[in-house]
$ cat target_35.cif   # mmCIF, C-alpha atoms
data_data
loop_
_atom_site.label_atom_id
_atom_site.label_comp_id
_atom_site.auth_asym_id
_atom_site.auth_seq_id
_atom_site.Cartn_x
_atom_site.Cartn_y
_atom_site.Cartn_z
CA MET A 1 5.46 10.20 31.23
CA MET A 2 3.98 11.46 34.42
CA VAL A 3 5.19 10.35 37.85
CA ILE A 4 2.09 8.31 38.60
CA GLN A 5 2.60 6.36 35.38
CA LYS A 6 6.23 5.68 36.26
CA ILE A 7 5.12 4.26 39.59
CA LYS A 8 2.42 2.13 37.93
CA HIS A 9 4.95 0.87 35.43
CA LEU A 10 7.34 -0.08 38.20
CA LEU A 11 4.48 -2.06 39.67
CA GLY A 12 3.93 -3.74 36.31
CA ARG A 13 0.55 -2.15 35.68
CA SER A 14 1.24 0.24 32.80
CA LEU A 15 3.05 0.56 29.49
CA THR A 16 6.01 2.78 28.60
CA CYS A 17 5.84 5.21 25.67
CA GLU A 18 8.03 2.83 23.67
CA GLU A 19 5.76 -0.14 24.41
CA VAL A 20 2.73 1.94 23.43
CA ASN A 21 4.47 2.94 20.21
CA GLN A 22 5.11 -0.69 19.29
CA ILE A 23 1.42 -1.59 19.39
CA ILE A 24 -0.12 1.43 17.65
CA VAL A 25 -0.93 -0.55 14.48
CA ASP A 26 -2.62 -3.31 16.49
CA TYR A 27 -4.58 -0.71 18.46
CA LEU A 28 -5.79 1.09 15.34
CA GLU A 29 -6.84 -2.24 13.83
CA ASP A 30 -8.67 -3.05 17.06
CA ASP A 31 -6.56 -6.14 17.42
CA LEU A 32 -5.35 -5.80 21.02
CA PRO A 33 -6.53 -8.06 23.84
CA PRO A 34 -8.90 -6.12 26.19
CA ARG A 35 -6.35 -5.78 29.01
CA GLN A 36 -3.63 -4.43 26.72
CA LYS A 37 -6.12 -2.11 25.01
CA ALA A 38 -7.11 -0.67 28.38
CA LEU A 39 -3.45 -0.11 29.33
CA PHE A 40 -2.82 1.53 25.95
CA GLU A 41 -5.76 3.91 26.34
CA GLU A 42 -4.85 4.67 29.93
CA HIS A 43 -1.34 5.64 28.87
CA ILE A 44 -2.56 7.76 25.94
CA ALA A 45 -4.96 9.65 28.20
CA MET A 46 -2.21 10.48 30.70
CA CYS A 47 0.90 10.95 28.58
CA GLN A 48 1.75 14.40 27.21
CA CYS A 49 3.84 12.84 24.45
CA CYS A 50 1.89 9.79 23.30
CA GLY A 51 -1.49 11.53 22.99
CA PRO A 52 -0.24 14.15 20.51
CA TYR A 53 1.91 11.53 18.79
CA LEU A 54 -1.09 9.25 18.22
CA ASP A 55 -3.01 12.25 16.83
CA GLN A 56 -0.19 12.95 14.39
CA TYR A 57 -0.02 9.28 13.43
CA ARG A 58 -3.74 9.22 12.68
CA THR A 59 -3.52 12.51 10.79
CA THR A 60 -0.69 11.07 8.69
CA ILE A 61 -2.88 8.11 7.70
CA ASP A 62 -5.79 10.43 6.89
CA MET A 63 -3.57 12.64 4.74
CA VAL A 64 -2.18 9.61 2.88
CA LYS A 65 -5.77 8.54 2.11
CA GLU A 66 -6.61 12.08 1.02
CA SER A 67 -3.56 12.17 -1.26
CA GLY A 68 -4.82 9.13 -3.14
CA GLU A 69 -8.12 10.67 -4.14
CA ALA A 70 -6.54 12.55 -7.02
CA VAL A 71 -5.30 9.56 -9.05
CA PRO A 72 -6.68 9.95 -12.59
CA PRO A 73 -8.87 7.17 -14.00
CA PRO A 74 -7.11 4.63 -16.24
CA PRO A 75 -6.95 5.49 -19.95
CA GLU A 76 -10.07 4.33 -21.83
CA GLU A 77 -8.13 2.24 -24.32
CA LEU A 78 -6.13 0.46 -21.61
CA VAL A 79 -8.01 -2.84 -21.71
CA GLU A 80 -7.99 -2.97 -25.48
CA ALA A 81 -4.26 -2.20 -25.60
CA THR A 82 -3.63 -4.92 -23.05
CA MET A 83 -5.62 -7.44 -25.08
CA MET A 84 -3.60 -6.49 -28.17
CA PHE A 85 -0.38 -6.97 -26.22
CA LEU A 86 -1.51 -10.40 -24.98
CA ASN A 87 -2.74 -11.41 -28.41
CA LYS A 88 0.66 -10.63 -29.89
CA HIS A 89 2.63 -12.50 -27.24
CA LEU A 90 0.32 -15.44 -26.60
CA ASP A 91 0.06 -16.33 -30.26
CA ALA A 92 3.74 -17.12 -30.04
CA PHE A 93 3.28 -18.92 -26.69
CA MET B 94 -14.53 -3.02 -26.88
CA ASN B 95 -15.03 -5.00 -30.04
CA PRO B 96 -13.03 -8.19 -30.54
CA SER B 97 -12.87 -7.47 -34.26
CA THR B 98 -10.61 -4.54 -33.47
CA TYR B 99 -7.91 -6.79 -32.01
CA PRO B 100 -4.92 -7.22 -34.28
CA THR B 101 -5.30 -10.12 -36.61
CA SER B 102 -2.69 -12.75 -37.21
CA ASP B 103 -2.39 -16.11 -38.86
CA HIS B 104 -3.55 -17.65 -35.56
CA ALA B 105 -6.94 -17.62 -33.92
CA PRO B 106 -7.79 -14.37 -32.15
CA LEU B 107 -7.12 -14.18 -28.43
CA ILE B 108 -10.78 -14.19 -27.59
CA SER B 109 -13.86 -15.16 -29.51
CA LYS B 110 -16.52 -13.34 -27.50
CA GLN B 111 -16.76 -9.92 -25.97
CA PRO B 112 -15.87 -9.92 -22.27
CA SER B 113 -18.07 -7.99 -19.87
CA HIS B 114 -17.46 -6.11 -16.65
CA THR B 115 -20.17 -7.95 -14.78
CA GLU B 116 -19.90 -11.60 -15.75
CA PRO B 117 -18.41 -13.68 -12.90
CA LEU B 118 -14.94 -15.07 -13.45
CA ASP B 119 -14.81 -18.74 -14.46
CA ILE B 120 -11.73 -19.72 -12.44
CA ASP B 121 -11.64 -23.32 -13.71
CA ALA B 122 -11.73 -22.15 -17.32
CA ILE B 123 -9.03 -19.54 -16.65
CA LEU B 124 -6.81 -22.19 -15.09
CA ASP B 125 -7.42 -24.45 -18.10
CA GLY B 126 -5.94 -21.66 -20.23
CA ASP B 127 -9.26 -20.66 -21.84
CA ARG B 128 -8.49 -17.31 -23.45
CA ASP B 129 -12.08 -16.04 -23.36
CA ALA B 130 -12.15 -16.63 -19.62
CA PHE B 131 -8.75 -14.99 -19.20
CA ALA B 132 -9.93 -11.97 -21.20
CA GLN B 133 -12.71 -11.62 -18.64
CA LEU B 134 -10.06 -11.39 -15.92
CA VAL B 135 -8.23 -8.69 -17.91
CA VAL B 136 -11.40 -6.64 -18.33
CA GLN B 137 -12.42 -6.90 -14.69
CA GLU B 138 -9.06 -6.37 -13.02
CA SER B 139 -7.26 -3.94 -15.36
CA PRO B 140 -8.61 -0.68 -13.86
CA ARG B 141 -7.77 -1.56 -10.27
CA LEU B 142 -4.47 -3.24 -11.05
CA PHE B 143 -3.44 -0.25 -13.17
CA ARG B 144 -4.34 2.14 -10.37
CA VAL B 145 -2.28 0.19 -7.81
CA ILE B 146 0.72 0.04 -10.12
CA VAL B 147 0.46 3.76 -10.93
CA ARG B 148 0.40 4.50 -7.23
CA ILE B 149 3.60 2.53 -6.75
CA LEU B 150 5.45 3.74 -9.85
CA ARG B 151 3.93 7.23 -10.26
CA ASP B 152 4.41 6.93 -14.01
CA GLU B 153 1.46 6.00 -16.26
CA ASP B 154 3.49 4.79 -19.23
CA GLU B 155 5.61 2.53 -17.10
CA ALA B 156 2.53 1.34 -15.21
CA ARG B 157 0.85 0.36 -18.48
CA SER B 158 3.88 -1.66 -19.51
CA VAL B 159 4.14 -3.36 -16.10
CA MET B 160 0.43 -4.18 -16.10
CA GLN B 161 0.60 -5.79 -19.53
CA GLU B 162 3.62 -7.82 -18.49
CA THR B 163 1.70 -8.85 -15.36
CA PHE B 164 -1.16 -10.37 -17.37
CA LEU B 165 1.28 -12.07 -19.73
CA GLN B 166 3.26 -13.61 -16.87
CA ALA B 167 0.05 -14.60 -15.12
CA TYR B 168 -1.23 -16.45 -18.18
CA GLN B 169 2.11 -18.17 -18.69
CA ARG B 170 2.27 -19.19 -15.02
CA LEU B 171 -1.33 -20.30 -14.49
CA HIS B 172 -0.08 -23.81 -13.73
CA THR B 173 1.71 -22.45 -10.61
CA PHE B 174 -1.52 -21.11 -9.05
CA ARG B 175 -2.39 -23.32 -6.07
CA ARG B 176 -5.83 -22.05 -5.03
CA GLU B 177 -4.48 -21.28 -1.54
CA ALA B 178 -5.27 -17.61 -2.17
CA LYS B 179 -7.76 -15.84 -4.43
CA LEU B 180 -6.76 -15.72 -8.08
CA THR B 181 -6.87 -11.93 -7.96
CA THR B 182 -4.52 -11.88 -4.92
CA TRP B 183 -2.10 -14.06 -6.88
CA LEU B 184 -2.42 -11.73 -9.89
CA TYR B 185 -1.72 -8.66 -7.73
CA ALA B 186 1.32 -10.38 -6.20
CA ILE B 187 2.77 -10.78 -9.70
CA GLY B 188 1.97 -7.17 -10.63
CA ILE B 189 3.32 -5.67 -7.44
CA ASN B 190 6.53 -7.67 -7.63
CA LEU B 191 7.05 -6.41 -11.17
CA ALA B 192 6.25 -2.84 -10.08
CA ARG B 193 8.71 -3.00 -7.19
CA ALA B 194 11.40 -4.38 -9.47
CA ALA B 195 10.76 -1.55 -11.94
CA LEU B 196 10.88 0.96 -9.10
CA ARG B 197 14.24 -0.34 -7.92
CA LYS B 198 15.65 0.04 -11.43
CA THR B 199 14.49 3.62 -11.77
CA ARG B 200 15.31 4.68 -8.22
CA ARG B 201 15.32 8.43 -8.03
CA TYR B 202 18.04 10.43 -6.35
CA ASN B 203 15.78 11.46 -3.47
CA THR B 204 14.65 7.95 -2.47
CA LEU B 205 15.51 7.18 1.14
CA GLU B 206 17.65 4.26 2.29
CA GLU B 207 16.86 1.86 5.12
CA ALA B 208 19.21 3.86 7.39
CA ASP B 209 17.15 7.01 6.70
CA ILE B 210 13.95 5.19 7.64
CA GLU B 211 15.59 4.17 10.91
CA ARG B 212 16.63 7.77 11.55
CA LEU B 213 13.05 8.94 10.99
CA GLN B 214 11.66 6.68 13.74
CA PRO B 215 10.93 8.31 17.12
CA THR B 216 13.59 7.92 19.78
CA PHE B 217 13.09 6.78 23.34
CA ALA B 218 15.25 6.85 26.45
CA LYS B 219 14.36 4.43 29.22
CA GLY B 220 11.07 3.78 27.43
CA MET B 221 10.06 7.46 27.28
CA PHE B 222 9.88 9.86 24.32
CA VAL B 223 13.08 11.90 24.04
CA GLN B 224 11.27 14.82 22.40
CA GLN B 225 7.69 15.92 22.95
CA PRO B 226 5.77 15.91 19.64
CA LYS B 227 4.56 19.31 18.44
CA THR B 228 0.94 20.12 17.83
CA TRP B 229 -0.24 19.59 14.25
CA ASN B 230 -3.08 21.20 12.38
CA PRO B 231 -2.44 20.47 8.70
CA GLN B 232 -6.05 21.13 7.68
CA LYS B 233 -5.71 24.75 8.83
CA GLN B 234 -2.04 25.25 7.96
CA VAL B 235 -2.04 24.16 4.32
CA GLU B 236 -4.59 24.11 1.47
CA ARG B 237 -5.90 20.67 0.49
CA SER B 238 -4.19 20.55 -2.92
CA GLU B 239 -0.85 21.60 -1.45
CA ARG B 240 -1.29 19.06 1.35
CA GLN B 241 -1.91 16.32 -1.20
CA GLN B 242 1.25 17.31 -3.07
CA LEU B 243 3.37 17.35 0.08
CA VAL B 244 2.11 13.92 1.12
CA ARG B 245 2.66 12.42 -2.34
CA LYS B 246 6.17 13.82 -2.38
CA ALA B 247 6.83 12.23 1.01
CA ILE B 248 5.45 8.86 -0.16
CA ASP B 249 7.69 9.08 -3.25
CA GLN B 250 10.71 9.33 -0.99
CA LEU B 251 10.00 6.00 0.70
CA PRO B 252 12.06 2.97 -0.39
CA PRO B 253 10.07 0.59 -2.67
CA ASP B 254 9.10 -1.92 0.06
CA TYR B 255 7.79 0.81 2.35
CA ARG B 256 5.99 2.69 -0.41
CA THR B 257 4.29 -0.51 -1.52
CA VAL B 258 2.95 -1.33 1.93
CA VAL B 259 1.54 2.21 2.30
CA VAL B 260 -0.14 1.92 -1.11
CA LEU B 261 -1.71 -1.44 -0.28
CA ARG B 262 -2.87 -0.67 3.25
CA ASP B 263 -3.55 3.06 3.44
CA LEU B 264 -4.41 3.91 -0.17
CA GLU B 265 -5.99 0.71 -1.49
CA GLN B 266 -7.17 -0.14 2.03
CA LEU B 267 -6.58 -3.85 1.69
CA SER B 268 -6.74 -5.91 4.86
CA THR B 269 -3.50 -6.77 6.64
CA ALA B 270 -4.04 -10.42 5.71
CA GLU B 271 -4.49 -9.75 1.98
CA ALA B 272 -1.61 -7.27 1.79
CA ALA B 273 0.63 -9.80 3.57
CA ARG B 274 -0.39 -12.54 1.13
CA ILE B 275 0.33 -10.28 -1.85
CA LEU B 276 3.76 -9.33 -0.51
CA GLU B 277 4.43 -12.91 0.64
CA ILE B 278 5.40 -11.86 4.16
CA SER B 279 3.84 -12.62 7.56
CA GLU B 280 1.11 -10.36 8.93
CA GLY B 281 3.47 -9.43 11.78
CA ALA B 282 6.20 -8.38 9.36
CA LEU B 283 3.66 -6.38 7.37
CA ARG B 284 2.51 -4.49 10.47
CA VAL B 285 6.10 -3.66 11.43
CA ARG B 286 6.88 -2.39 7.93
CA LEU B 287 3.65 -0.38 7.78
CA HIS B 288 4.35 1.18 11.18
CA ARG B 289 7.87 2.18 10.20
CA ALA B 290 6.62 3.62 6.91
CA ARG B 291 3.90 5.67 8.62
CA GLN B 292 6.34 6.94 11.25
CA ALA B 293 8.81 7.92 8.53
CA LEU B 294 6.03 9.78 6.68
CA ARG B 295 5.00 11.52 9.89
CA ALA B 296 8.58 12.67 10.43
CA LEU B 297 8.94 13.83 6.81
CA LEU B 298 5.71 15.83 7.08
CA GLU B 299 6.52 17.30 10.47
CA LYS B 300 8.64 20.07 8.96
CA HIS B 301 5.55 21.29 7.08
CA PHE B 302 2.94 20.84 9.79
CA GLY B 303 4.84 20.95 13.05
CA GLY B 304 5.12 24.71 13.33
CA ASP B 305 2.73 25.34 16.19
CA SER B 306 4.24 23.99 19.38
#
$ encode --input "target_35.cif" --output "structure tokens"
Amino acid sequence: MMVIQKIKHLLGRSLTCEEVNQIIVDYLEDDLPPRQKALFEEHIAMCQCCGPYLDQYRTTIDMVKESGEAVPPPPEELVEATMMFLNKHLDAF
Amino acid sequence: MNPSTYPTSDHAPLISKQPSHTEPLDIDAILDGDRDAFAQLVVQESPRLFRVIVRILRDEDEARSVMQETFLQAYQRLHTFRREAKLTTWLYAIGINLARAALRKTRRYNTLEEADIERLQPTFAKGMFVQQPKTWNPQKQVERSERQQLVRKAIDQLPPDYRTVVVLRDLEQLSTAEAARILEISEGALRVRLHRARQALRALLEKHFGGDS
């Protein structure tokens, strides 16, 4: 965190890296109040640690989404097999 | 699918008409135990429910078994549905609980513990990062198929509760509210768990992508 940010924080006008980290999910879901959002963005723009960290965090989410694209479609007979299973068990229900 | 292909028994068949993928669900009939209406739910929700369960369990045979048990339990517990959530949300809650239980039983040797998740969170001293994050460029460093494999392997290492939240939010892209309802936790608790899971994944992937500082 740069010196100017430390001073602002001491004056109660900025967030620490840890405070920024705790609200990343809310920021990405656009769920922060305007004042807090502005403080978050101000910190990210200035901080040599939190900017790259947020990039990595976003990249992680993107890669998780990308990893899910390769799930094979369900087997064609799945519904029929499920109905057979239910038929067998519900007849005894 | 032809109802005549269902196994016959001395009792009436489960359904008497062919369900379709497009007909709207008749919730009242389902809750009355109408089997035709319930069959409609099976037809409409099976593909998505199966996909979610596969993503949690990473085993198609086990996912099939868990999905079938999910529909059976749902039918047997229809009287417990309170209409406070959507019927499909309630169905997914049953399925995901069964999937998580199955996952706990078959825990693999490389699954992380809660203490490992804690260790994978970033550390701060006096509110500041202890270590400066390295620059990442996974798209250039690793081929797409290899990247997908590395990420899946990292997700597989997460404990069941963390893996499930990643599947629901980042893979299935459910809203925070719906994922929280399915997992029966508060939205705040869901966000905390999701954040910890993502940070653990980031740390697990860093050894592959954090080479250029």
$ residues_around --input "target_35.cif" --residues "region 70-79 of chain A" --least-positions-apart "6" --cutoff "10 Å" --atoms "all atoms listed in the file" --output "PyMOL selection string"
(chain A and resi 85) or (chain B and resi 94+132+135-145+147-148+151+153+157+160-161+238+241-242)
$ interface_residues --input "target_35.cif" --of "chain A" --to "chain B" --cutoff "7 Å" --atoms "only C-alpha atoms" --output "list in words"
Met1, Thr16, Cys17, Glu18, Val25, Cys49, Pro52, Tyr53, Gln56, Tyr57, Thr60, Ile61, Met63, Val64, Lys65, Glu66, Ser67, Gly68, Pro74, Val79, Glu80, Thr82, Met84, Phe85, Leu86, Asn87 and Asp91 of chain A
$ atom_distance --input "target_35.cif" --atom1 "CA of Asp121 (chain B)" --atom2 "CA of Gln133 (chain B)"
12.7 Å
$ closest_residue --input "target_35.cif" --among "A:Glu69, A:Asp62, A:Ile23, A:Lys88" --to "Lys37 (chain A)" --atoms "all atoms listed in the file"
A:Ile23
$ axis_aligned_box --input "target_35.cif" --around "region 236-243 of chain B" --padding-each-side "8 Å" --output "AutoDock Vina command-line options"
--center_x -1.3 --center_y 20.2 --center_z -0.8 --size_x 25.3 --size_y 23.8 --size_z 20.5
